[in-house]
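Peer 1: You'll find final_39.cif just under this line, and it carries mmCIF, C-alpha atoms.
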data_structure
#
loop_
_atom_site.group_PDB
_atom_site.id
_atom_site.type_symbol
_atom_site.label_atom_id
_atom_site.label_comp_id
_atom_site.auth_asym_id
_atom_site.auth_seq_id
_atom_site.Cartn_x
_atom_site.Cartn_y
_atom_site.Cartn_z
ATOM 1 C CA LYS A 21 6.052 5.436 -23.870
ATOM 2 C CA SER A 22 6.374 2.110 -22.170
ATOM 3 C CA LEU A 23 8.476 1.885 -19.029
ATOM 4 C CA ASP A 24 10.876 -0.381 -20.930
ATOM 5 C CA GLU A 25 11.469 2.364 -23.519
ATOM 6 C CA LYS A 26 12.349 4.696 -20.643
ATOM 7 C CA GLY A 27 14.837 2.182 -19.233
ATOM 8 C CA ILE A 28 12.656 1.367 -16.227
ATOM 9 C CA ILE A 29 12.270 -2.195 -15.006
ATOM 10 C CA ILE A 30 9.604 -3.209 -12.495
ATOM 11 C CA CYS A 31 10.924 -6.113 -10.488
ATOM 12 C CA ASN A 32 8.887 -8.507 -8.352
ATOM 13 C CA VAL A 33 10.972 -9.168 -5.249
ATOM 14 C CA ASP A 34 8.979 -12.040 -3.766
ATOM 15 C CA SER A 35 6.806 -9.826 -1.564
ATOM 16 C CA THR A 36 9.307 -7.780 0.488
ATOM 17 C CA ASP A 37 12.737 -9.339 -0.149
ATOM 18 C CA PHE A 38 14.332 -5.986 -0.987
ATOM 19 C CA LEU A 39 17.787 -6.496 0.522
ATOM 20 C CA PRO A 40 19.653 -8.449 -2.214
ATOM 21 C CA TYR A 41 18.268 -6.197 -4.963
ATOM 22 C CA ALA A 42 19.059 -2.974 -3.114
ATOM 23 C CA LYS A 43 22.609 -4.223 -2.355
ATOM 24 C CA LEU A 44 23.174 -5.081 -6.024
ATOM 25 C CA LEU A 45 21.788 -1.779 -7.285
ATOM 26 C CA ASN A 46 23.750 0.225 -4.684
ATOM 27 C CA ASN A 47 26.984 -1.558 -5.633
ATOM 28 C CA LEU A 48 26.355 -0.847 -9.314
ATOM 29 C CA SER A 49 25.290 2.768 -8.613
ATOM 30 C CA ILE A 50 21.961 2.184 -10.349
ATOM 31 C CA PRO A 51 19.136 4.424 -9.107
ATOM 32 C CA TYR A 52 16.055 2.652 -7.825
ATOM 33 C CA ALA A 53 12.839 3.158 -5.924
ATOM 34 C CA ILE A 54 11.400 0.674 -3.455
ATOM 35 C CA ILE A 55 7.622 0.725 -3.138
ATOM 36 C CA THR A 56 5.919 -1.290 -0.419
ATOM 37 C CA ASP A 57 2.641 -1.623 1.415
ATOM 38 C CA GLY A 58 2.322 0.143 4.750
ATOM 39 C CA ASP A 59 0.361 -2.690 6.365
ATOM 40 C CA PHE A 60 -1.081 -0.460 9.101
ATOM 41 C CA TYR A 61 -2.058 -2.184 12.340
ATOM 42 C CA SER A 62 -3.501 -1.319 15.731
ATOM 43 C CA ILE A 63 -2.284 -2.918 18.942
ATOM 44 C CA GLU A 64 -4.648 -4.220 21.561
ATOM 45 C CA ASP A 65 -3.927 -5.752 24.925
ATOM 46 C CA LYS A 66 -5.508 -9.195 25.070
ATOM 47 C CA GLU A 67 -4.978 -11.043 28.324
ATOM 48 C CA GLY A 68 -1.721 -9.183 29.032
ATOM 49 C CA GLU A 69 -0.333 -9.744 25.549
ATOM 50 C CA SER A 70 0.029 -7.130 22.799
ATOM 51 C CA VAL A 71 -1.830 -8.308 19.703
ATOM 52 C CA ARG A 72 -1.624 -6.633 16.294
ATOM 53 C CA THR A 73 -4.832 -6.219 14.339
ATOM 54 C CA TYR A 74 -4.442 -5.604 10.613
ATOM 55 C CA HIS A 75 -7.096 -4.588 8.076
ATOM 56 C CA VAL A 76 -8.203 -1.528 10.042
ATOM 57 C CA LEU A 77 -8.103 2.079 8.895
ATOM 58 C CA HIS A 78 -5.989 4.666 10.698
ATOM 59 C CA LYS A 79 -7.892 7.434 12.450
ATOM 60 C CA ASP A 80 -6.315 10.503 14.020
ATOM 61 C CA ASP A 81 -8.306 9.999 17.219
ATOM 62 C CA MET A 82 -7.282 6.360 17.748
ATOM 63 C CA LYS A 83 -6.744 5.650 21.414
ATOM 64 C CA GLN A 84 -4.856 2.380 21.035
ATOM 65 C CA GLU A 85 -1.239 2.078 19.991
ATOM 66 C CA CYS A 86 -0.635 1.507 16.282
ATOM 67 C CA GLY A 87 2.083 1.143 13.684
ATOM 68 C CA TRP A 88 3.020 0.231 10.123
ATOM 69 C CA LEU A 89 4.734 -3.043 9.294
ATOM 70 C CA GLY A 90 6.017 -1.451 6.077
ATOM 71 C CA VAL A 91 7.822 1.231 8.091
ATOM 72 C CA GLU A 92 9.402 -1.448 10.262
ATOM 73 C CA ARG A 93 10.592 -3.344 7.169
ATOM 74 C CA ILE A 94 12.092 -0.233 5.583
ATOM 75 C CA LYS A 95 13.843 0.807 8.819
ATOM 76 C CA ASP A 96 15.350 -2.668 9.013
ATOM 77 C CA LEU A 97 16.429 -2.471 5.357
ATOM 78 C CA ILE A 98 18.069 0.928 5.830
ATOM 79 C CA ILE A 99 20.056 -0.407 8.783
ATOM 80 C CA LYS A 100 21.085 -3.598 6.942
ATOM 81 C CA LEU A 101 22.209 -1.519 3.944
ATOM 82 C CA ASP A 102 24.209 0.640 6.367
ATOM 83 C CA LEU A 103 22.520 3.784 5.076
ATOM 84 C CA LYS A 104 21.682 4.943 8.626
ATOM 85 C CA GLN A 105 22.058 3.660 12.145
ATOM 86 C CA GLN A 106 18.996 2.864 14.269
ATOM 87 C CA GLU A 107 19.472 5.983 16.421
ATOM 88 C CA GLU A 108 19.657 8.199 13.311
ATOM 89 C CA ILE A 109 16.143 7.268 12.196
ATOM 90 C CA GLU A 110 13.616 9.799 13.408
ATOM 91 C CA GLU A 111 10.723 8.854 15.693
ATOM 92 C CA ASP A 112 8.247 11.193 13.992
ATOM 93 C CA ILE A 113 6.437 9.347 11.174
ATOM 94 C CA GLU A 114 6.426 12.375 8.837
ATOM 95 C CA GLN A 115 10.164 12.899 9.290
ATOM 96 C CA GLN A 116 10.714 9.187 8.673
ATOM 97 C CA GLU A 117 8.746 9.407 5.435
ATOM 98 C CA GLU A 118 10.888 12.316 4.275
ATOM 99 C CA THR A 119 14.089 10.411 5.101
ATOM 100 C CA PHE A 120 12.861 7.211 3.446
ATOM 101 C CA ASN A 121 11.840 9.114 0.307
ATOM 102 C CA LYS A 122 15.281 10.732 0.060
ATOM 103 C CA LEU A 123 16.721 7.210 0.158
ATOM 104 C CA GLY A 124 14.326 6.095 -2.617
ATOM 105 C CA MET A 125 11.940 4.129 -0.403
ATOM 106 C CA PHE A 126 8.198 4.756 -0.527
ATOM 107 C CA ILE A 127 5.574 3.275 1.758
ATOM 108 C CA GLY A 128 1.798 3.182 1.462
ATOM 109 C CA ASN A 129 -0.642 3.204 4.343
ATOM 110 C CA TYR A 130 -2.362 -0.144 3.867
ATOM 111 C CA THR A 131 -2.221 -2.301 0.724
ATOM 112 C CA ILE A 132 -2.175 -0.709 -2.707
ATOM 113 C CA GLU A 133 -5.806 -1.685 -3.334
ATOM 114 C CA VAL A 134 -7.052 -0.001 -0.163
ATOM 115 C CA ASP A 135 -4.744 2.978 -0.783
ATOM 116 C CA ILE A 136 -6.303 3.355 -4.248
ATOM 117 C CA MET A 137 -9.832 3.095 -2.855
ATOM 118 C CA GLU A 138 -9.086 5.657 -0.153
ATOM 119 C CA LYS A 139 -7.552 8.093 -2.666
ATOM 120 C CA SER A 140 -10.325 7.769 -5.250
ATOM 121 C CA GLN A 141 -13.020 10.367 -5.717
ATOM 122 C CA GLU A 142 -16.448 9.791 -7.288
ATOM 123 C CA ALA A 143 -15.266 9.298 -10.902
ATOM 124 C CA GLU A 144 -12.475 6.941 -9.866
ATOM 125 C CA LYS A 145 -14.762 4.962 -7.549
ATOM 126 C CA LYS A 146 -17.214 4.551 -10.413
ATOM 127 C CA ILE A 147 -14.464 2.876 -12.449
ATOM 128 C CA LEU A 148 -13.549 0.613 -9.515
ATOM 129 C CA CYS A 149 -17.202 -0.477 -9.284
ATOM 130 C CA GLU A 150 -17.566 -0.980 -13.036
ATOM 131 C CA ILE A 151 -14.508 -3.228 -13.093
ATOM 132 C CA PHE A 152 -15.793 -5.212 -10.128
ATOM 133 C CA ASN A 153 -19.222 -5.577 -11.765
ATOM 134 C CA GLU A 154 -17.713 -6.725 -15.084
ATOM 135 C CA ILE A 155 -15.624 -9.548 -13.698
ATOM 136 C CA THR A 156 -17.235 -10.721 -10.468
ATOM 137 C CA SER A 157 -18.991 -14.065 -10.396
ATOM 138 C CA GLY A 158 -21.345 -12.650 -7.752
ATOM 139 C CA GLY A 159 -24.860 -11.396 -8.310
ATOM 140 C CA GLU A 160 -26.595 -8.041 -8.073
ATOM 141 C CA ARG A 161 -26.614 -8.063 -4.255
ATOM 142 C CA GLN A 162 -22.837 -8.456 -4.143
ATOM 143 C CA LYS A 163 -22.357 -5.670 -6.702
ATOM 144 C CA HIS A 164 -24.641 -3.405 -4.657
ATOM 145 C CA ASN A 165 -22.748 -4.236 -1.453
ATOM 146 C CA PHE A 166 -19.379 -3.518 -3.096
ATOM 147 C CA ARG A 167 -20.569 -0.100 -4.276
ATOM 148 C CA SER A 168 -22.114 0.740 -0.886
ATOM 149 C CA GLU A 169 -19.011 -0.341 1.031
ATOM 150 C CA LEU A 170 -16.755 1.622 -1.314
ATOM 151 C CA GLU A 171 -18.888 4.746 -0.818
ATOM 152 C CA THR A 172 -18.919 4.387 2.993
ATOM 153 C CA GLY A 173 -15.179 3.719 3.309
ATOM 154 C CA GLU A 174 -15.403 0.033 4.179
ATOM 155 C CA TYR A 175 -12.444 -0.691 1.923
ATOM 156 C CA TRP A 176 -11.335 -3.902 3.611
ATOM 157 C CA LYS A 177 -14.731 -5.439 2.857
ATOM 158 C CA CYS A 178 -14.334 -4.381 -0.780
ATOM 159 C CA LEU A 179 -10.866 -5.907 -0.937
ATOM 160 C CA ASN A 180 -12.208 -9.106 0.600
ATOM 161 C CA LYS A 181 -14.785 -9.324 -2.191
ATOM 162 C CA ILE A 182 -12.076 -8.775 -4.809
ATOM 163 C CA GLU A 183 -9.841 -11.448 -3.270
ATOM 164 C CA ASN A 184 -12.611 -14.021 -2.885
ATOM 165 C CA ASN A 185 -14.537 -13.479 -6.125
ATOM 166 C CA ILE A 186 -12.054 -12.185 -8.682
ATOM 167 C CA GLY A 187 -8.455 -12.271 -7.489
ATOM 168 C CA LYS A 188 -6.216 -9.277 -6.892
ATOM 169 C CA GLY A 189 -4.101 -9.921 -9.985
ATOM 170 C CA ARG A 190 -7.066 -10.163 -12.339
ATOM 171 C CA TYR A 191 -8.641 -7.027 -10.859
ATOM 172 C CA ALA A 192 -5.326 -5.142 -11.146
ATOM 173 C CA GLN A 193 -4.917 -6.191 -14.795
ATOM 174 C CA ARG A 194 -8.315 -4.760 -15.636
ATOM 175 C CA LEU A 195 -7.729 -1.587 -13.591
ATOM 176 C CA SER A 196 -4.434 -1.001 -15.413
ATOM 177 C CA THR A 197 -6.391 -0.498 -18.652
ATOM 178 C CA GLN A 198 -8.732 2.118 -17.123
ATOM 179 C CA CYS A 199 -6.580 3.701 -14.421
ATOM 180 C CA MET A 200 -6.871 7.468 -13.995
ATOM 181 C CA ILE A 201 -4.402 9.850 -12.345
ATOM 182 C CA GLY A 202 -6.863 10.162 -9.447
ATOM 183 C CA HIS A 203 -6.391 6.481 -8.630
ATOM 184 C CA ILE A 204 -2.664 6.863 -8.008
ATOM 185 C CA PRO A 205 -1.690 7.144 -4.319
ATOM 186 C CA ASP A 206 0.817 9.889 -3.493
ATOM 187 C CA TYR A 207 3.584 7.465 -2.492
ATOM 188 C CA ILE A 208 3.456 5.878 -5.958
ATOM 189 C CA LYS A 209 3.576 9.321 -7.632
ATOM 190 C CA ASN A 210 6.495 10.306 -5.418
ATOM 191 C CA ALA A 211 8.389 7.111 -6.271
ATOM 192 C CA ILE A 212 7.921 7.715 -9.995
ATOM 193 C CA ASN A 213 8.935 11.355 -9.731
#
With the file now loaded, output its structure as structure tokens.
Peer 2:
Amino acid sequence: KSLDEKGIIICNVDSTDFLPYAKLLNNLSIPYAIITDGDFYSIEDKEGESVRTYHVLHKDDMKQECGWLGVERIKDLIIKLDLKQQEEIEEDIEQQEETFNKLGMFIGNYTIEVDIMEKSQEAEKKILCEIFNEITSGGERQKHNFRSELETGEYWKCLNKIENNIGKGRYAQRLSTQCMIGHIPDYIKNAIN
């Protein structure tokens, strides 16, 4: 069944402008789920100033400080909606995720495209490559590089190729017709459930 038949509306909120929609839905007692990118970043000290670097993958053994812009946005939203006070929000990222999920807010790690690439196994990655190959304006070398980078976990390079040669929207439209359950990141599954 279509989402519409199930009474589900997907609403574009101009990137991350969740507040007015969440206020409206809360006041009308309408259940909702907020899904947002995690926008992971690392922090480096450059000439005495903390500088955020995006488009990096999180590693458990990272020595530099790091964070998620998506987590910061959702914390801010929760406080503005008066669902919790700042001091009530846990410091531990796993506890935060549990709290956010109970409040209907779900956060990825990076962007949805990179989250999908990271989640995908061999069969799913094959589909991602086939879609790229079908609609890219690039040649065989670019197709080879996309496949190699996808296999070696260089997802930001893959996303860059999608953005510069196809467009995220066009790629997503095509993926929506071939999407498998293995493509779906856990935070999306959790939001739907």
Peer 1: Written as a PyMOL selection string, which residues does the PyMOL selection byres ((chain A and resi 132-144) around 12) give for the file shown?
Peer 2: chain A and resi 55-60+75-78+126-131+145-151+166-167+169-183+187-189+191-192+195+198-208
Peer 1: Using all atoms listed in the file, which protein or nucleic acid residues come within 12 Å of Tyr41 in chain A? Drop anything in the same chain fewer than 6 positions from it, and give the result as JSON, numbers by chain.
Peer 2: {"A": [30, 31, 32, 33, 34, 47, 48, 49, 50, 51, 52, 53, 54, 97, 101]}
Peer 1: Let me make sure I understand: among A:Leu44, A:Glu117, A:Lys122, A:Ile155, which one has the smallest atom-to-atom distance to Asn213 in chain A if we use only C-alpha atoms?
Peer 2: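 Of A:Leu44, A:Glu117, A:Lys122, A:Ile155, the one nearest Asn213 in chain A is A:Lys122, counting only C-alpha atoms.
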